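Here is coords-v1.cif, consisting of mmCIF, C-alpha atoms:
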data_target
loop_
_atom_site.label_atom_id
_atom_site.label_comp_id
_atom_site.auth_asym_id
_atom_site.auth_seq_id
_atom_site.Cartn_x
_atom_site.Cartn_y
_atom_site.Cartn_z
CA MET P 29 169.82 145.62 64.76
CA THR P 30 169.68 142.20 63.19
CA ILE P 31 167.27 139.39 63.85
CA ASP P 32 168.09 135.77 63.12
CA ARG P 33 166.32 134.56 59.97
CA THR P 34 166.28 131.03 61.41
CA ARG P 35 164.29 132.28 64.40
CA LEU P 36 161.82 134.08 62.17
CA SER P 37 161.44 131.05 59.92
CA GLY P 38 160.82 128.86 62.96
CA LEU P 39 157.99 131.09 64.11
CA LEU P 40 156.73 132.06 60.64
CA PRO P 41 157.25 129.29 58.08
CA PRO P 42 157.38 130.33 54.41
CA GLY P 43 153.90 130.68 53.01
CA SER P 44 152.45 132.04 56.25
CA ARG P 45 149.70 134.64 56.08
CA VAL P 46 150.52 136.81 59.10
CA LEU P 47 148.23 139.23 60.93
CA CYS P 48 150.46 141.77 62.66
CA ALA P 49 149.00 143.39 65.82
CA VAL P 50 149.88 147.09 65.52
CA SER P 51 149.20 149.75 68.15
CA GLY P 52 151.33 152.36 66.40
CA GLY P 53 153.91 152.38 69.19
CA ALA P 54 157.62 151.70 68.80
CA ASP P 55 157.49 147.93 69.34
CA SER P 56 154.63 147.17 66.98
CA MET P 57 155.91 149.50 64.24
CA CYS P 58 159.29 147.74 64.45
CA LEU P 59 157.51 144.39 64.07
CA LEU P 60 155.36 145.52 61.16
CA HIS P 61 158.25 147.16 59.29
CA LEU P 62 160.51 144.15 59.88
CA LEU P 63 158.01 141.61 58.56
CA TRP P 64 156.81 143.79 55.70
CA SER P 65 160.34 144.73 54.52
CA ARG P 66 161.46 141.07 54.59
CA ARG P 67 158.21 139.54 53.34
CA GLU P 68 159.66 138.32 50.03
CA GLU P 69 162.82 136.97 51.65
CA LEU P 70 160.76 135.07 54.25
CA GLY P 71 157.90 134.11 51.93
CA LEU P 72 155.25 135.87 54.03
CA GLU P 73 152.01 137.67 53.32
CA VAL P 74 151.67 140.47 55.88
CA LEU P 75 148.44 142.10 57.09
CA ALA P 76 147.85 144.49 60.00
CA ALA P 77 145.20 144.88 62.71
CA HIS P 78 144.64 147.75 65.16
CA TYR P 79 142.27 147.70 68.14
CA GLU P 80 141.25 151.08 69.54
CA HIS P 81 140.18 150.59 73.17
CA GLY P 82 138.07 153.71 73.55
CA LEU P 83 140.06 154.85 76.60
CA ARG P 84 142.21 157.77 75.43
CA GLY P 85 139.86 159.92 73.39
CA GLU P 86 141.39 161.91 70.53
CA GLU P 87 144.87 160.51 71.15
CA ALA P 88 143.63 156.96 70.52
CA LEU P 89 141.83 158.04 67.35
CA ARG P 90 145.09 159.68 66.22
CA ASP P 91 146.92 156.36 66.74
CA ALA P 92 144.34 154.46 64.71
CA ALA P 93 144.56 156.99 61.88
CA PHE P 94 148.37 156.79 61.94
CA VAL P 95 148.36 153.00 61.59
CA GLU P 96 145.76 153.08 58.83
CA GLY P 97 147.68 155.75 56.92
CA TRP P 98 151.06 154.01 57.26
CA CYS P 99 149.59 150.76 55.99
CA ARG P 100 147.66 152.43 53.16
CA GLU P 101 150.84 154.08 51.84
CA ARG P 102 152.49 150.66 51.55
CA GLY P 103 149.50 148.66 50.39
CA ILE P 104 149.26 146.63 53.59
CA PRO P 105 145.70 145.43 54.31
CA CYS P 106 144.72 146.87 57.70
CA ALA P 107 141.71 146.04 59.89
CA VAL P 108 140.67 148.53 62.59
CA GLU P 109 138.07 148.06 65.30
CA HIS P 110 136.85 150.56 67.90
CA GLY P 111 135.89 149.13 71.28
CA ASP P 112 134.54 150.33 74.63
CA VAL P 113 136.76 148.73 77.24
CA ALA P 114 135.46 150.86 80.11
CA ALA P 115 131.85 149.83 79.52
CA GLN P 116 132.78 146.15 79.28
CA ALA P 117 134.90 146.36 82.45
CA ALA P 118 131.97 147.94 84.30
CA ARG P 119 129.58 145.24 83.08
CA THR P 120 131.88 142.42 84.14
CA ARG P 121 133.36 144.16 87.22
CA ARG P 122 136.90 143.45 86.06
CA GLY P 123 139.95 145.66 85.71
CA LEU P 124 140.61 147.86 82.69
CA GLU P 125 143.95 146.21 81.83
CA GLU P 126 142.51 142.69 81.99
CA THR P 127 139.42 143.66 79.99
CA ALA P 128 141.47 145.51 77.37
CA ARG P 129 143.69 142.48 76.85
CA GLU P 130 140.72 140.12 76.49
CA LEU P 131 138.92 142.34 73.99
CA ARG P 132 142.10 142.99 72.01
CA TYR P 133 142.97 139.31 71.65
CA ALA P 134 139.37 138.42 70.82
CA PHE P 135 139.53 141.01 68.02
CA LEU P 136 142.83 139.58 66.72
CA GLU P 137 141.53 136.01 66.70
CA ARG P 138 138.28 137.04 65.05
CA THR P 139 140.07 139.12 62.42
CA ALA P 140 142.59 136.36 61.69
CA ASP P 141 139.70 133.97 61.08
CA ARG P 142 137.94 136.44 58.81
CA LEU P 143 141.08 137.22 56.77
CA GLY P 144 142.34 133.64 56.61
CA CYS P 145 145.55 134.25 58.60
CA ASP P 146 147.34 131.26 60.04
CA LYS P 147 149.61 133.33 62.30
CA ILE P 148 149.10 136.35 64.59
CA ALA P 149 152.31 138.25 65.39
CA THR P 150 152.55 140.48 68.47
CA ALA P 151 155.42 142.80 69.38
CA HIS P 152 156.29 141.62 72.88
CA ASN P 153 160.00 142.06 73.60
CA ALA P 154 162.55 141.03 76.22
CA ASP P 155 161.67 143.96 78.49
CA ASP P 156 157.98 143.03 78.34
CA ASN P 157 158.93 139.51 79.33
CA ALA P 158 160.96 140.75 82.32
CA GLU P 159 158.03 142.91 83.46
CA THR P 160 155.63 139.97 83.14
CA LEU P 161 157.94 137.69 85.12
CA LEU P 162 158.22 140.29 87.91
CA LEU P 163 154.45 140.89 88.00
CA HIS P 164 153.84 137.17 88.42
CA LEU P 165 156.56 136.96 91.07
CA VAL P 166 154.89 139.74 93.07
CA ARG P 167 151.59 137.86 92.87
CA GLY P 168 153.14 134.63 94.13
CA SER P 169 152.90 132.66 90.91
CA GLY P 170 154.40 129.23 90.33
CA ALA P 171 156.58 128.09 87.46
CA ALA P 172 153.80 128.52 84.89
CA GLY P 173 153.55 132.24 85.62
CA LEU P 174 157.27 132.77 86.10
CA GLY P 175 157.79 131.24 82.66
CA GLY P 176 156.93 134.71 81.37
CA ILE P 177 155.76 135.25 77.80
CA PRO P 178 156.18 132.20 75.54
CA PRO P 179 157.59 132.72 72.02
CA ALA P 180 154.53 130.98 70.57
CA ARG P 181 151.14 129.88 71.81
CA GLY P 182 148.71 128.46 69.33
CA ARG P 183 148.91 130.65 66.24
CA ILE P 184 150.19 133.66 68.21
CA VAL P 185 153.92 134.27 67.72
CA ARG P 186 156.30 136.86 69.18
CA PRO P 187 159.24 137.43 66.81
CA LEU P 188 160.77 140.29 68.87
CA LEU P 189 160.84 138.47 72.20
CA GLU P 190 164.65 138.24 72.32
CA LEU P 191 165.15 141.95 71.54
CA SER P 192 165.41 144.68 74.15
CA ARG P 193 163.45 147.91 73.96
CA GLU P 194 166.76 149.70 73.32
CA GLU P 195 167.48 147.51 70.29
CA ILE P 196 163.99 148.15 68.94
CA GLU P 197 164.40 151.92 69.22
CA ALA P 198 167.76 151.63 67.43
CA TYR P 199 166.06 149.70 64.58
CA LEU P 200 163.44 152.42 64.17
CA ALA P 201 166.12 155.11 64.01
CA GLU P 202 168.26 153.16 61.50
CA ASN P 203 165.32 152.53 59.18
CA GLY P 204 163.50 155.85 59.61
CA VAL P 205 160.31 154.22 60.87
CA ALA P 206 157.85 156.62 62.49
CA HIS P 207 155.72 155.69 65.49
CA VAL P 208 153.35 157.30 68.00
CA GLU P 209 153.66 157.58 71.78
CA ASP P 210 150.89 156.47 74.14
CA SER P 211 150.71 159.11 76.89
CA SER P 212 149.35 156.55 79.38
CA ASN P 213 152.75 154.81 79.27
CA ALA P 214 154.12 157.69 81.36
CA SER P 215 151.70 157.08 84.24
CA ASP P 216 152.66 154.90 87.21
CA ALA P 217 148.98 154.21 87.88
CA TYR P 218 149.39 150.90 86.01
CA SER P 219 151.39 148.10 87.65
CA ARG P 220 153.43 147.39 84.55
CA ASN P 221 154.44 151.05 84.18
CA LEU P 222 155.46 151.20 87.83
CA LEU P 223 157.79 148.25 87.30
CA ARG P 224 159.12 149.74 84.07
CA HIS P 225 159.89 153.14 85.59
CA GLN P 226 160.84 152.34 89.19
CA VAL P 227 161.99 148.71 89.49
CA LEU P 228 163.69 147.72 86.24
CA PRO P 229 166.19 150.64 86.32
CA VAL P 230 167.41 149.41 89.72
CA LEU P 231 167.73 145.83 88.49
CA ARG P 232 169.70 147.05 85.47
CA GLN P 233 172.16 148.69 87.85
CA LEU P 234 172.82 145.22 89.25
CA ASN P 235 172.85 143.60 85.82
CA PRO P 236 172.75 145.75 82.67
CA ARG P 237 171.48 142.71 80.76
CA PHE P 238 168.72 141.90 83.23
CA ALA P 239 166.09 141.50 80.48
CA ALA P 240 168.23 138.84 78.76
CA ALA P 241 168.82 137.10 82.09
CA ALA P 242 165.08 137.09 82.80
CA LEU P 243 164.48 135.63 79.34
CA ARG P 244 166.85 132.72 80.11
CA THR P 245 165.22 132.16 83.50
CA ALA P 246 161.77 132.15 81.96
CA GLU P 247 162.85 129.63 79.33
CA LEU P 248 164.28 127.29 82.00
CA LEU P 249 161.10 127.56 84.05
CA ARG P 250 158.95 126.84 80.99
CA GLN P 251 161.00 123.68 80.40
CA ASP P 252 160.55 122.64 84.05
CA GLU P 253 156.83 123.37 83.84
CA ALA P 254 156.51 121.27 80.68
CA CYS P 255 158.26 118.34 82.35
CA LEU P 256 156.19 118.46 85.55
CA SER P 257 153.00 118.98 83.57
CA ALA P 258 153.80 115.91 81.46
CA LEU P 259 154.33 113.83 84.62
CA ALA P 260 150.94 115.00 85.94
CA GLU P 261 149.28 114.08 82.64
CA ASP P 262 150.92 110.62 82.71
CA PHE P 263 149.57 110.09 86.23
CA ILE P 264 146.06 111.08 85.19
CA ARG P 265 146.17 108.80 82.14
CA SER P 266 147.26 105.82 84.22
CA ARG P 267 145.17 106.36 87.36
CA PHE P 268 142.08 108.43 86.55
CA ASP P 269 139.14 106.32 85.37
CA GLY P 270 137.11 109.25 84.10
CA GLU P 271 135.52 109.88 87.48
CA SER P 272 137.91 109.00 90.30
CA LEU P 273 141.48 108.11 91.24
CA PRO P 274 143.12 106.44 94.27
CA ALA P 275 143.59 109.00 97.06
CA PRO P 276 146.75 107.49 98.63
CA THR P 277 148.49 107.29 95.24
CA LEU P 278 147.83 110.97 94.55
CA GLY P 279 148.98 111.83 98.07
CA ALA P 280 152.25 109.94 97.58
CA LEU P 281 153.26 112.07 94.58
CA PRO P 282 155.63 115.02 95.00
CA PHE P 283 153.60 118.17 95.57
CA SER P 284 154.82 119.67 92.29
CA VAL P 285 153.22 116.79 90.35
CA ALA P 286 150.17 116.21 92.56
CA SER P 287 149.17 119.87 92.51
CA ARG P 288 149.38 119.97 88.73
CA ALA P 289 147.25 116.85 88.46
CA VAL P 290 144.58 118.48 90.63
CA ARG P 291 144.64 121.65 88.53
CA LYS P 292 144.29 119.64 85.31
CA LEU P 293 141.25 117.81 86.67
CA CYS P 294 139.47 121.05 87.57
CA PRO P 295 137.65 122.99 84.83
CA ARG P 296 138.64 126.39 86.30
CA SER P 297 141.77 127.94 87.78
CA LEU P 298 142.46 127.17 91.45
CA SER P 299 144.12 129.03 94.29
CA ARG P 300 146.87 127.40 96.33
CA GLU P 301 144.40 127.03 99.21
CA GLN P 302 141.96 125.13 96.99
CA VAL P 303 144.68 122.77 95.77
CA ASP P 304 145.73 122.15 99.38
CA ALA P 305 142.12 121.37 100.32
CA VAL P 306 141.98 118.62 97.68
CA LEU P 307 145.34 117.15 98.63
CA ALA P 308 144.26 117.12 102.29
CA LEU P 309 141.58 114.63 101.22
CA THR P 310 144.30 112.12 100.37
CA GLU P 311 144.79 111.62 104.14
CA GLY P 312 142.09 109.80 106.08
CA THR P 313 139.39 107.29 105.20
CA GLU P 314 136.05 108.72 106.34
CA PRO P 315 133.79 110.40 103.75
CA ALA P 316 134.74 114.05 103.12
CA TRP P 317 134.69 116.58 100.31
CA ALA P 318 136.07 119.88 99.03
CA ASP P 319 134.08 122.28 96.88
CA LEU P 320 136.00 123.92 94.03
CA PRO P 321 134.89 126.25 91.23
CA GLY P 322 132.71 124.10 88.98
CA LEU P 323 133.60 120.87 90.80
CA ARG P 324 133.14 118.91 94.01
CA VAL P 325 135.94 116.52 95.00
CA ARG P 326 134.58 113.74 97.23
CA ARG P 327 136.53 111.10 99.19
CA GLU P 328 134.87 107.70 99.43
CA ARG P 329 136.42 104.30 100.15
CA GLY P 330 139.96 105.42 99.47
CA ARG P 331 139.24 107.18 96.19
CA LEU P 332 138.77 110.82 95.21
CA TYR P 333 135.79 111.46 92.96
CA PHE P 334 135.90 114.58 90.78
CA VAL P 335 132.23 115.28 90.22
CA PRO P 336 131.19 118.21 87.97
CA GLU P 337 129.10 120.81 89.73
CA ALA P 338 125.41 120.04 89.28
CA PRO P 339 122.98 122.83 88.37
CA LEU P 340 121.71 124.55 91.49
CA PRO P 341 118.13 123.75 92.51
CA VAL P 342 115.67 126.46 91.56
CA LEU P 343 113.40 127.73 94.34
CA PRO P 344 110.94 130.18 92.73
CA GLU P 345 109.42 133.05 94.70
CA ARG P 346 105.92 132.36 96.04
CA THR P 347 103.52 134.44 98.14
CA LEU P 348 102.26 133.01 101.44
CA THR P 349 98.65 134.07 102.09
CA PRO P 350 97.21 133.86 105.64
CA GLY P 351 94.51 131.19 105.90
CA GLU P 352 95.79 129.28 102.87
CA SER P 353 98.26 126.45 102.31
CA LEU P 354 101.32 126.80 100.13
CA GLU P 355 103.19 123.82 98.75
CA LEU P 356 106.92 123.91 98.00
CA PRO P 357 107.48 120.69 96.04
CA GLU P 358 111.19 121.49 95.55
CA LEU P 359 111.64 121.20 99.33
CA GLY P 360 108.94 118.60 99.98
CA LEU P 361 107.11 121.06 102.30
CA ARG P 362 103.62 122.42 102.81
CA LEU P 363 103.29 125.75 104.63
CA ARG P 364 100.20 127.20 106.33
CA ALA P 365 99.91 130.66 107.92
CA GLU P 366 97.30 131.53 110.55
CA PRO P 367 96.85 134.56 112.86
CA ALA P 368 97.34 133.69 116.54
CA VAL P 369 98.31 135.08 119.94
CA TYR P 370 101.84 134.29 121.01
CA ARG P 371 101.98 132.10 124.08
CA GLU P 372 105.07 130.58 125.60
CA GLU P 373 105.99 128.99 122.32
CA ILE P 374 109.41 128.45 120.81
CA ASN P 375 110.22 129.31 117.21
CA ASP P 376 111.24 125.93 115.84
CA LEU P 377 113.04 127.22 112.77
CA PHE P 378 112.44 124.01 110.85
CA LYS P 379 108.72 123.52 111.67
CA THR P 380 107.16 126.65 113.23
CA TYR P 381 107.72 130.37 112.66
CA CYS P 382 105.93 133.10 114.61
CA PHE P 383 106.22 136.63 113.23
CA LYS P 384 104.88 139.64 115.12
CA ILE P 385 102.05 140.89 112.90
CA ASP P 386 102.64 144.60 113.61
CA THR P 387 106.15 144.35 112.12
CA ILE P 388 105.18 142.68 108.83
CA TYR P 389 105.21 145.01 105.81
CA GLY P 390 103.04 143.89 102.90
CA LYS P 391 102.97 140.33 101.67
CA ILE P 392 105.25 137.48 102.80
CA ILE P 393 107.41 135.90 100.12
CA CYS P 394 108.95 132.43 100.38
CA ALA P 395 112.05 131.99 98.21
CA ALA P 396 115.77 131.38 98.11
CA ARG P 397 118.40 133.87 99.27
CA ARG P 398 118.93 137.00 97.17
CA PRO P 399 122.36 138.60 96.71
CA GLY P 400 123.00 141.09 99.52
CA ASP P 401 120.38 139.65 101.90
CA SER P 402 120.98 140.23 105.62
CA LEU P 403 119.11 140.20 108.95
CA ARG P 404 119.62 140.82 112.69
CA PRO P 405 119.36 137.34 114.24
CA GLN P 406 117.31 137.34 117.45
CA GLY P 407 119.54 137.38 120.53
CA ARG P 408 122.83 138.11 118.73
CA GLY P 409 122.84 141.92 118.70
CA CYS P 410 124.39 142.31 115.25
CA THR P 411 123.51 142.31 111.58
CA LYS P 412 124.59 139.28 109.57
CA SER P 413 124.62 138.76 105.84
CA LEU P 414 123.01 135.49 104.82
CA LYS P 415 126.25 134.65 103.07
CA LYS P 416 128.12 134.77 106.40
CA LEU P 417 125.30 133.02 108.22
CA PHE P 418 125.40 130.14 105.75
CA ALA P 419 129.20 129.95 105.97
CA GLU P 420 129.06 129.76 109.78
CA ALA P 421 126.54 126.93 109.50
CA GLY P 422 128.85 125.06 107.09
CA LEU P 423 126.18 124.77 104.39
CA THR P 424 127.18 123.40 101.02
CA ARG P 425 126.53 125.23 97.79
CA GLU P 426 123.41 123.13 97.14
CA GLN P 427 122.11 123.61 100.68
CA ARG P 428 122.51 127.39 100.41
CA ALA P 429 120.58 127.48 97.14
CA SER P 430 117.66 125.48 98.60
CA ARG P 431 117.52 127.06 102.07
CA LEU P 432 114.08 128.68 102.50
CA VAL P 433 114.00 132.41 103.26
CA PHE P 434 110.89 134.28 104.47
CA ARG P 435 110.77 137.98 103.61
CA ASP P 436 108.34 140.85 103.48
CA GLU P 437 108.57 144.15 101.63
CA LYS P 438 111.06 145.49 104.20
CA GLY P 439 113.49 142.58 104.16
CA VAL P 440 114.29 139.12 105.55
CA LEU P 441 112.04 137.82 108.35
CA ALA P 442 113.64 134.41 108.92
CA VAL P 443 115.90 131.76 107.42
CA GLN P 444 114.87 128.14 107.62
CA GLY P 445 116.65 126.37 110.44
CA LEU P 446 119.01 129.27 111.23
CA ALA P 447 117.56 132.56 112.47
CA ILE P 448 114.58 134.91 112.85
CA ASP P 449 115.06 138.66 112.48
CA GLU P 450 114.79 140.48 115.81
CA ARG P 451 112.20 142.97 114.44
CA ALA P 452 109.77 140.11 113.77
CA ALA P 453 110.48 138.15 116.97
CA PRO P 454 107.35 138.24 119.22
CA SER P 455 106.92 138.63 122.95
CA LEU P 456 104.33 136.93 125.18
CA GLY P 457 100.81 138.07 124.24
CA ASP P 458 101.72 139.59 120.85
CA ARG P 459 99.51 139.02 117.86
CA VAL P 460 101.51 136.84 115.48
CA LEU P 461 101.33 135.11 112.16
CA ARG P 462 102.12 131.49 112.94
CA ILE P 463 103.56 129.56 110.00
CA THR P 464 103.74 125.81 110.26
CA ALA P 465 105.69 123.55 107.93
CA GLU P 466 104.96 119.89 107.33
CA LYS P 467 106.51 117.37 105.05
CA ILE P 468 104.65 116.33 101.94
CA GLU P 469 104.42 112.57 101.79
CA GLY P 470 106.61 111.05 99.07
CA GLU P 471 108.79 114.18 98.69
CA ARG P 472 112.40 114.53 99.72
CA GLU P 473 113.60 115.37 103.20
CA THR P 474 114.55 119.00 103.95
#
Write the structure described by the file as structure tokens, please.
Amino acid sequence: MTIDRTRLSGLLPPGSRVLCAVSGGADSMCLLHLLWSRREELGLEVLAAHYEHGLRGEEALRDAAFVEGWCRERGIPCAVEHGDVAAQAARTRRGLEETARELRYAFLERTADRLGCDKIATAHNADDNAETLLLHLVRGSGAAGLGGIPPARGRIVRPLLELSREEIEAYLAENGVAHVEDSSNASDAYSRNLLRHQVLPVLRQLNPRFAAAALRTAELLRQDEACLSALAEDFIRSRFDGESLPAPTLGALPFSVASRAVRKLCPRSLSREQVDAVLALTEGTEPAWADLPGLRVRRERGRLYFVPEAPLPVLPERTLTPGESLELPELGLRLRAEPAVYREEINDLFKTYCFKIDTIYGKIICAARRPGDSLRPQGRGCTKSLKKLFAEAGLTREQRASRLVFRDEKGVLAVQGLAIDERAAPSLGDRVLRITAEKIEGERET
């Protein structure tokens, strides 16, 4: 196998100090041997880094020892770190593959900083690129995802991206380079392995050079993405005043440009549905809005305002004591609770709440919603989570955070303006705790 020196020089200019990501597998050992054996020719200083994920027990420790030993025999500086991917995934409630990738790249960036490396080389190859393209296709990605793995991003470079796995294995055999096998690569429990074992062999029957074809397709899509992204950036530069832009002008753009402009103006990634919700605001004139992650987009007087998400109001927990008043300055309310006998009254869920005393457990707490809260709304015959109840009422993020919830030690008793739990709902003649709410003069409306 040969690799074009011009390509290597383009990714790794002479004088580069390169941190090579090495798992010990075939691909990464090919990369490390290639760069180390040609270091003088290319004018490189080569270092290695290995991240042990803590997922495969003794086998993973064997891999780390193999990489360390191989590097030690050749005088290659090698950094090794042992992580706990499973624990981090559990803490963040994210998948193992995603968590492993994040921790591994964080280690590489951190190590490159510590060792003064200006480049990080990873061993992604043409087959990896084909698998990535297919994974993104299955998930319904646009051109950005279907662009596959880029040859370079920041200081990360991928010198083997144009080589197939078959060519890499041939290089190892020709040069007598040892490597280790990761037993998890044989399992179809991972999406990438399933594609590698079940899908790619079929595609190679249709086109033996499918990986090379996918590489060309990805490159074309990256070029298209760069062009459309540049058009979106030009639009933002010319029309966005730092806070808003003209709604009709955004709506008149081709979807491929308008959608990219919306994504660039949002601080977090968006779904297709969220992009569509913003673009729907370009039609019509009456005030309207769409809530996105970290952002509210508001239509006013023909313009769309992209307003960063304000901190949610804080509604601390307070105890309501019968016979005493309780002020909630955040809501501009004063509450008072008094024992009474229930007559033909109506629970006005903004001003008056009557809870059957015999069903109250312990003290009554006034606060905001807690995660997982639910109740059985009187007269509806079902249990509802407060999350669903708020969604049905069309409450905004801010309104949900400031909506008053009454609870006792057993659970939710009532939600301001929306529902009372059927266990606390009184009948005629029942002894009740009547809670009245009045506005505090000078405070905001509820």
Next on the checklist: Suppose a student applies the PyMOL selection byres ((chain P and resi 147-163) around 6) to this structure; what residues should they get, written as a list of chain:residue names?
Outcome noted: P:Val46, P:Leu47, P:Cys48, P:Ala49, P:Asp55, P:Ser56, P:Leu59, P:Cys145, P:Asp146, P:His164, P:Leu165, P:Val166, P:Leu174, P:Gly176, P:Ile177, P:Arg183, P:Ile184, P:Val185, P:Arg186, P:Leu188, P:Leu189, P:Glu190, P:Leu191, P:Ser192, P:Ala239, P:Ala242
Writer output for current selection, C-alpha atoms, as an mmCIF file, keeping the file's coordinate frame:
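Result saved to part-v7.cif:
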data_model
loop_
_atom_site.group_PDB
_atom_site.id
_atom_site.type_symbol
_atom_site.label_atom_id
_atom_site.label_comp_id
_atom_site.auth_asym_id
_atom_site.auth_seq_id
_atom_site.Cartn_x
_atom_site.Cartn_y
_atom_site.Cartn_z
ATOM 1 C CA VAL P 46 150.520 136.810 59.100
ATOM 2 C CA LEU P 47 148.230 139.230 60.930
ATOM 3 C CA CYS P 48 150.460 141.770 62.660
ATOM 4 C CA ALA P 49 149.000 143.390 65.820
ATOM 5 C CA ASP P 55 157.490 147.930 69.340
ATOM 6 C CA SER P 56 154.630 147.170 66.980
ATOM 7 C CA LEU P 59 157.510 144.390 64.070
ATOM 8 C CA CYS P 145 145.550 134.250 58.600
ATOM 9 C CA ASP P 146 147.340 131.260 60.040
ATOM 10 C CA HIS P 164 153.840 137.170 88.420
ATOM 11 C CA LEU P 165 156.560 136.960 91.070
ATOM 12 C CA VAL P 166 154.890 139.740 93.070
ATOM 13 C CA LEU P 174 157.270 132.770 86.100
ATOM 14 C CA GLY P 176 156.930 134.710 81.370
ATOM 15 C CA ILE P 177 155.760 135.250 77.800
ATOM 16 C CA ARG P 183 148.910 130.650 66.240
ATOM 17 C CA ILE P 184 150.190 133.660 68.210
ATOM 18 C CA VAL P 185 153.920 134.270 67.720
ATOM 19 C CA ARG P 186 156.300 136.860 69.180
ATOM 20 C CA LEU P 188 160.770 140.290 68.870
ATOM 21 C CA LEU P 189 160.840 138.470 72.200
ATOM 22 C CA GLU P 190 164.650 138.240 72.320
ATOM 23 C CA LEU P 191 165.150 141.950 71.540
ATOM 24 C CA SER P 192 165.410 144.680 74.150
ATOM 25 C CA ALA P 239 166.090 141.500 80.480
ATOM 26 C CA ALA P 242 165.080 137.090 82.800
#
Checklist outcome for this item: Restricting to only C-alpha atoms, whichever of P:Leu441, P:Ala134, P:Ala241, P:Leu72 is closest to Ser44 of chain P is P:Leu72
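What the PyMOL selection byres ((chain P and resi 411) around 12) picks from this file is Asp401, Ser402, Leu403, Arg404, Pro405, Gln406, Gly407, Arg408, Gly409, Cys410, Lys412, Ser413, Leu414, Lys415, Lys416, Leu417, Val440, Ala447, Ile448, Asp449, Glu450 and Arg451 of chain P.
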For the residues in that selection, give me C-alpha atoms as a compact mmCIF listing (two decimals), keeping the file's coordinate frame.
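Result file follows (part-v6.txt):
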# COMPACT_ATOMS: atom_id res chain seq x y z
CA ASP P 401 120.38 139.65 101.90
CA SER P 402 120.98 140.23 105.62
CA LEU P 403 119.11 140.20 108.95
CA ARG P 404 119.62 140.82 112.69
CA PRO P 405 119.36 137.34 114.24
CA GLN P 406 117.31 137.34 117.45
CA GLY P 407 119.54 137.38 120.53
CA ARG P 408 122.83 138.11 118.73
CA GLY P 409 122.84 141.92 118.70
CA CYS P 410 124.39 142.31 115.25
CA LYS P 412 124.59 139.28 109.57
CA SER P 413 124.62 138.76 105.84
CA LEU P 414 123.01 135.49 104.82
CA LYS P 415 126.25 134.65 103.07
CA LYS P 416 128.12 134.77 106.40
CA LEU P 417 125.30 133.02 108.22
CA VAL P 440 114.29 139.12 105.55
CA ALA P 447 117.56 132.56 112.47
CA ILE P 448 114.58 134.91 112.85
CA ASP P 449 115.06 138.66 112.48
CA GLU P 450 114.79 140.48 115.81
CA ARG P 451 112.20 142.97 114.44
Item to check | Target residues per the PyMOL selection byres ((chain P and resi 432) around 9), formatted as an MDAnalysis selection string | outcome: chainID P and resid 343 359 394:397 428:431 433:434 442:445
Just write the chosen residues, C-alpha atoms, as a PDB file, in the frame of the given file.
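Dumped to result_3.pdb:
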ATOM      1  CA  LEU P 343     113.400 127.730  94.340  1.00  0.00           C
ATOM      2  CA  LEU P 359     111.640 121.200  99.330  1.00  0.00           C
ATOM      3  CA  CYS P 394     108.950 132.430 100.380  1.00  0.00           C
ATOM      4  CA  ALA P 395     112.050 131.990  98.210  1.00  0.00           C
ATOM      5  CA  ALA P 396     115.770 131.380  98.110  1.00  0.00           C
ATOM      6  CA  ARG P 397     118.400 133.870  99.270  1.00  0.00           C
ATOM      7  CA  ARG P 428     122.510 127.390 100.410  1.00  0.00           C
ATOM      8  CA  ALA P 429     120.580 127.480  97.140  1.00  0.00           C
ATOM      9  CA  SER P 430     117.660 125.480  98.600  1.00  0.00           C
ATOM     10  CA  ARG P 431     117.520 127.060 102.070  1.00  0.00           C
ATOM     11  CA  VAL P 433     114.000 132.410 103.260  1.00  0.00           C
ATOM     12  CA  PHE P 434     110.890 134.280 104.470  1.00  0.00           C
ATOM     13  CA  ALA P 442     113.640 134.410 108.920  1.00  0.00           C
ATOM     14  CA  VAL P 443     115.900 131.760 107.420  1.00  0.00           C
ATOM     15  CA  GLN P 444     114.870 128.140 107.620  1.00  0.00           C
ATOM     16  CA  GLY P 445     116.650 126.370 110.440  1.00  0.00           C
TER      17      GLY P 445
END
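Remark: for Ala365 of chain P, the closest of the candidate residues P:Glu301, P:Asp269, P:Glu345, P:Glu466 is P:Glu466 (distances computed over only C-alpha atoms).
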Item to check | Residue contacts of Ala93 of chain P (12 Å, all atoms listed in the file) excluding same-chain residues fewer than 5 positions away, as a list in words | outcome: Val50, Ser51, Gly52, His78, Tyr79, Glu80, Glu86, Glu87, Ala88, Trp98, Cys99, Arg100, Cys106, Ala107, Val108, Glu109, His110, His207 and Val208 of chain P
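Pairwise distance (atom CA of Gly439 of chain P, atom CA of Thr349 of chain P) equals 17.2 Å.
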List as a tab-separated table every residue of segment 167-231 of chain P that is in contact with segment 285-295 of chain P, defined as an atom at most 12 Å from one of its atoms (using all atoms listed in the file), together with the nearest atom pair and the distance in Å rounded to one decimal, sorted by chain and then rising number.
residue	atom	partner	partner_atom	distance
P:Gly170	CA	P:Arg288	CA	10.7
P:Ala171	CA	P:Arg288	CA	10.9
P:Ala172	CA	P:Arg288	CA	10.4
Item to check | Residue nearest Tyr218 of chain P among P:Pro357, P:Pro454, P:Gly123, P:Gly103 (counting all atoms listed in the file) | outcome: P:Gly123
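Taking only C-alpha atoms into account, Glu125 of chain P lies nearest to P:Val113 out of the set P:Leu348, P:Ser212, P:Val460, P:Val113.
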Checklist entry - Which of these residues is nearest to Phe268 of chain P, using all atoms listed in the file: P:Ala308, P:Leu131, P:Leu332, P:Ala452? => result P:Leu332
